[in-house]
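Structure file model.cif (mmCIF, C-alpha atoms and all ligand atoms) follows.
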data_run
#
loop_
_atom_site.group_PDB
_atom_site.id
_atom_site.type_symbol
_atom_site.label_atom_id
_atom_site.label_comp_id
_atom_site.auth_asym_id
_atom_site.auth_seq_id
_atom_site.Cartn_x
_atom_site.Cartn_y
_atom_site.Cartn_z
ATOM 1 C CA MET H 34 96.603 -172.943 127.899
ATOM 2 C CA CYS H 35 97.532 -176.408 126.627
ATOM 3 C CA ALA H 36 101.328 -176.656 126.169
ATOM 4 C CA GLY H 37 100.834 -179.511 123.670
ATOM 5 C CA SER H 38 98.125 -177.946 121.499
ATOM 6 C CA HIS H 39 100.271 -177.772 118.322
ATOM 7 C CA LEU H 40 101.304 -181.420 118.633
ATOM 8 C CA ALA H 41 97.715 -182.408 119.524
ATOM 9 C CA ASN H 42 96.359 -180.556 116.456
ATOM 10 C CA ARG H 43 98.816 -182.346 114.163
ATOM 11 C CA GLU H 44 97.986 -185.747 115.681
ATOM 12 C CA LEU H 45 94.238 -185.148 115.359
ATOM 13 C CA TYR H 46 94.644 -183.920 111.762
ATOM 14 C CA THR H 47 96.557 -187.105 110.862
ATOM 15 C CA ALA H 48 94.089 -189.381 112.660
ATOM 16 C CA PHE H 49 91.017 -187.791 111.033
ATOM 17 C CA ILE H 50 92.580 -187.722 107.535
ATOM 18 C CA ARG H 51 93.373 -191.433 107.862
ATOM 19 C CA LEU H 52 89.884 -192.318 109.085
ATOM 20 C CA ILE H 53 88.149 -190.277 106.384
ATOM 21 C CA THR H 54 90.439 -191.624 103.647
ATOM 22 C CA ALA H 55 89.955 -195.244 104.699
ATOM 23 C CA PHE H 56 86.273 -195.393 105.684
ATOM 24 C CA HIS H 57 82.752 -194.365 104.786
ATOM 25 C CA ILE H 58 81.228 -193.234 108.081
ATOM 26 C CA ASP H 59 77.563 -194.209 108.256
ATOM 27 C CA PRO H 60 74.881 -192.811 110.593
ATOM 28 C CA PRO H 61 73.386 -195.129 113.245
ATOM 29 C CA LYS H 62 70.397 -197.315 112.382
ATOM 30 C CA GLU H 63 68.328 -196.072 115.319
ATOM 31 C CA LYS H 64 67.411 -192.476 116.176
ATOM 32 C CA LYS H 65 68.362 -192.948 119.861
ATOM 33 C CA ASP H 66 71.995 -193.687 118.860
ATOM 34 C CA GLU H 67 72.523 -190.430 116.933
ATOM 35 C CA PRO H 68 75.176 -187.983 118.217
ATOM 36 C CA ILE H 69 73.978 -184.817 119.961
ATOM 37 C CA LEU H 70 75.293 -181.905 117.892
ATOM 38 C CA ASP H 71 74.426 -179.038 120.245
ATOM 39 C CA CYS H 72 77.794 -177.874 121.624
ATOM 40 C CA LEU H 73 76.565 -177.672 125.251
ATOM 41 C CA GLU H 74 74.024 -180.517 125.277
ATOM 42 C CA CYS H 75 76.555 -183.006 123.817
ATOM 43 C CA ASN H 76 78.916 -182.809 126.796
ATOM 44 C CA ALA H 77 78.790 -185.819 129.139
ATOM 45 C CA ILE H 78 80.730 -183.976 131.879
ATOM 46 C CA SER H 79 79.508 -180.389 131.933
ATOM 47 C CA THR H 80 82.237 -179.221 134.357
ATOM 48 C CA SER H 81 85.086 -180.694 132.269
ATOM 49 C CA LEU H 82 87.716 -178.418 130.662
ATOM 50 C CA THR H 83 87.290 -180.309 127.404
ATOM 51 C CA THR H 84 84.228 -181.765 125.673
ATOM 52 C CA ASP H 85 83.582 -185.432 126.403
ATOM 53 C CA PRO H 86 80.716 -186.369 124.073
ATOM 54 C CA LYS H 87 77.823 -188.468 125.325
ATOM 55 C CA PRO H 88 77.912 -191.945 123.730
ATOM 56 C CA PHE H 89 76.652 -192.283 120.152
ATOM 57 C CA LYS H 90 77.001 -194.853 117.399
ATOM 58 C CA CYS H 91 78.198 -194.771 113.794
ATOM 59 C CA GLY H 92 79.330 -197.363 111.286
ATOM 60 C CA PHE H 93 82.779 -197.622 109.709
ATOM 61 C CA ARG H 94 82.807 -199.233 106.248
ATOM 62 C CA ALA H 95 86.134 -199.722 104.438
ATOM 63 C CA ARG H 96 86.245 -197.715 101.196
ATOM 64 C CA ASP H 97 88.759 -200.172 99.723
ATOM 65 C CA ARG H 98 89.469 -203.326 101.739
ATOM 66 C CA ASN H 99 92.690 -204.196 99.852
ATOM 67 C CA ALA H 100 94.139 -200.679 100.228
ATOM 68 C CA LEU H 101 93.206 -200.641 103.925
ATOM 69 C CA GLU H 102 94.923 -203.972 104.567
ATOM 70 C CA ARG H 103 98.017 -202.771 102.686
ATOM 71 C CA TRP H 104 98.144 -199.488 104.699
ATOM 72 C CA MET H 105 97.844 -201.436 107.960
ATOM 73 C CA ARG H 106 100.600 -203.869 106.912
ATOM 74 C CA GLU H 107 102.881 -200.987 105.872
ATOM 75 C CA SER H 108 102.163 -199.159 109.140
ATOM 76 C CA GLU H 109 103.046 -202.258 111.195
ATOM 77 C CA GLU H 110 106.248 -202.532 109.154
ATOM 78 C CA ARG H 111 107.246 -198.866 109.695
ATOM 79 C CA THR H 112 106.655 -198.979 113.472
ATOM 80 C CA ARG H 113 108.005 -202.468 114.179
ATOM 81 C CA ASP H 114 111.171 -201.175 115.885
ATOM 82 C CA LEU H 115 109.590 -198.368 117.915
HETATM 83 C C1 LIG B 1 93.480 -183.446 121.970
HETATM 84 C C2 LIG B 1 94.506 -183.404 122.808
HETATM 85 C C3 LIG B 1 94.603 -182.429 123.954
HETATM 86 C C4 LIG B 1 93.643 -181.713 124.584
HETATM 87 C C5 LIG B 1 92.141 -181.679 124.282
HETATM 88 C C6 LIG B 1 94.292 -180.963 125.626
HETATM 89 C C7 LIG B 1 93.650 -180.105 126.501
HETATM 90 C C8 LIG B 1 94.264 -179.389 127.500
HETATM 91 C C9 LIG B 1 93.607 -178.496 128.421
HETATM 92 C C10 LIG B 1 92.101 -178.204 128.419
HETATM 93 C C11 LIG B 1 94.526 -177.983 129.224
HETATM 94 C C12 LIG B 1 94.281 -176.994 130.374
HETATM 95 C C13 LIG B 1 94.365 -175.590 129.852
HETATM 96 C C14 LIG B 1 94.091 -174.584 130.939
HETATM 97 O O1 LIG B 1 94.608 -174.744 132.068
HETATM 98 O O2 LIG B 1 93.370 -173.615 130.684
HETATM 99 C C15 LIG B 1 95.799 -178.551 128.865
HETATM 100 C C16 LIG B 1 96.981 -178.268 129.487
HETATM 101 C C17 LIG B 1 98.171 -178.877 129.198
HETATM 102 N N1 LIG B 1 98.411 -179.752 128.161
HETATM 103 FE FE1 LIG B 1 97.022 -180.457 126.868
HETATM 104 N N2 LIG B 1 95.631 -181.231 125.616
HETATM 105 C C18 LIG B 1 95.864 -182.113 124.597
HETATM 106 C C19 LIG B 1 97.080 -182.624 124.214
HETATM 107 C C20 LIG B 1 98.280 -182.386 124.862
HETATM 108 C C21 LIG B 1 99.563 -182.941 124.457
HETATM 109 C C22 LIG B 1 99.773 -183.860 123.240
HETATM 110 C C23 LIG B 1 100.481 -182.489 125.345
HETATM 111 C C24 LIG B 1 101.967 -182.758 125.446
HETATM 112 C C25 LIG B 1 102.674 -183.380 124.536
HETATM 113 C C26 LIG B 1 99.779 -181.646 126.299
HETATM 114 C C27 LIG B 1 100.371 -180.988 127.335
HETATM 115 C C28 LIG B 1 99.723 -180.127 128.213
HETATM 116 C C29 LIG B 1 100.377 -179.444 129.329
HETATM 117 C C30 LIG B 1 101.849 -179.591 129.737
HETATM 118 C C31 LIG B 1 99.399 -178.657 129.940
HETATM 119 C C32 LIG B 1 99.578 -177.761 131.154
HETATM 120 C C33 LIG B 1 99.986 -176.380 130.686
HETATM 121 C C34 LIG B 1 100.169 -175.439 131.866
HETATM 122 O O3 LIG B 1 99.298 -175.424 132.737
HETATM 123 O O4 LIG B 1 101.162 -174.731 131.867
HETATM 124 N N3 LIG B 1 98.443 -181.608 125.966
HETATM 125 N N4 LIG B 1 95.607 -179.404 127.793
#
Would you kindly transcribe this structure into structure tokens?
Amino acid sequence: MCAGSHLANRELYTAFIRLITAFHIDPPKEKKDEPILDCLECNAISTSLTTDPKPFKCGFRARDRNALERWMRESEERTRDL
């Protein structure tokens, strides 16, 4: 199994929480751009060990532009020396 699964789960949790907190996620304008939600049909590479979704579109709309800019500034600040 994946030796990094616990780290990967924590990273994904953090990334998704940040995205969901910062943005409204809107569906695509056109039907052809919608994601495929069937767990087998969605996979672009059917022989892959992991799921690689076929391309789809969605819109990201800042929930609060000022807060988002502040979080990005603070993040730059915290990671400046890494
Ligand atoms: C979303 C992120 C990740 C996914 C989807 C993923 C997926 C996988 C998969 C499918 C395998 C093969 C499992 C098998 O052979 O049955 C694997 C193995 C492995 N992964 Fe990950 N992985 C992720 C993140 C990570 C991270 C962050 C690390 C290390 C920090 C890592 C280290 C490894 C190692 C070392 C193996 C080989 C384990 C072995 O064969 O003994 N992975 N991963």
Each residue of chain H with at least one atom at most 9 Å from ligand LIG 1 (chain B) should appear once, together with its nearest atom pair and the corresponding distance in Å (one decimal); atoms considered: only C-alpha atoms and all ligand atoms; ordering: chain, then increasing residue number; output as JSON lines.
{"residue": "H:Met34", "atom": "CA", "partner": "B:LIG1", "partner_atom": "C13", "distance": 4.0}
{"residue": "H:Cys35", "atom": "CA", "partner": "B:LIG1", "partner_atom": "C16", "distance": 3.5}
{"residue": "H:Ala36", "atom": "CA", "partner": "B:LIG1", "partner_atom": "C29", "distance": 4.3}
{"residue": "H:Gly37", "atom": "CA", "partner": "B:LIG1", "partner_atom": "C23", "distance": 3.4}
{"residue": "H:Ser38", "atom": "CA", "partner": "B:LIG1", "partner_atom": "C19", "distance": 5.5}
{"residue": "H:His39", "atom": "CA", "partner": "B:LIG1", "partner_atom": "C22", "distance": 7.8}
{"residue": "H:Leu40", "atom": "CA", "partner": "B:LIG1", "partner_atom": "C22", "distance": 5.4}
{"residue": "H:Ala41", "atom": "CA", "partner": "B:LIG1", "partner_atom": "C22", "distance": 4.5}
{"residue": "H:Asn42", "atom": "CA", "partner": "B:LIG1", "partner_atom": "C1", "distance": 6.9}
{"residue": "H:Glu44", "atom": "CA", "partner": "B:LIG1", "partner_atom": "C22", "distance": 8.0}
{"residue": "H:Leu45", "atom": "CA", "partner": "B:LIG1", "partner_atom": "C1", "distance": 6.9}
{"residue": "H:Ser81", "atom": "CA", "partner": "B:LIG1", "partner_atom": "C10", "distance": 8.4}
{"residue": "H:Leu82", "atom": "CA", "partner": "B:LIG1", "partner_atom": "C10", "distance": 4.9}
{"residue": "H:Thr83", "atom": "CA", "partner": "B:LIG1", "partner_atom": "C10", "distance": 5.3}
{"residue": "H:Thr84", "atom": "CA", "partner": "B:LIG1", "partner_atom": "C5", "distance": 8.0}
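Omitting stretch 73-76 of chain H and its sequence neighbours fewer than 5 positions away, and counting only C-alpha atoms, the residues within 8 Å are Pro68, Thr84, Asp85, Pro86 and Lys87 of chain H.
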Next, dump the selected residues to file, keeping only C-alpha atoms, as an mmCIF file, in the frame of the given file.
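Output file selection29.cif follows:
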data_model
loop_
_atom_site.group_PDB
_atom_site.id
_atom_site.type_symbol
_atom_site.label_atom_id
_atom_site.label_comp_id
_atom_site.auth_asym_id
_atom_site.auth_seq_id
_atom_site.Cartn_x
_atom_site.Cartn_y
_atom_site.Cartn_z
ATOM 1 C CA PRO H 68 75.176 -187.983 118.217
ATOM 2 C CA THR H 84 84.228 -181.765 125.673
ATOM 3 C CA ASP H 85 83.582 -185.432 126.403
ATOM 4 C CA PRO H 86 80.716 -186.369 124.073
ATOM 5 C CA LYS H 87 77.823 -188.468 125.325
#
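Note that atom CA of H:Pro88 and atom CA of H:Glu102 are 28.3 Å apart.
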Restricting the calculation to only C-alpha atoms: of H:Thr47, H:Glu110, H:Ile78, H:Cys91, which residue gets closest to H:Asp59?
H:Cys91
H:Pro60, H:Met105, H:Phe49, H:Thr80 ranked by distance to H:Gly92, top pick (using all atoms listed in the file)
H:Pro60
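Taking atom CA of H:Ile53 as the reference point, atom CA of H:Asp66 is found at 20.7 Å.
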Show which residues sit within 10 Å of H:Lys65, as a VMD selection string. Count all atoms listed in the file, and ignore same-chain residues fewer than 4 positions away.
chain H and resid 61 69 89 to 90
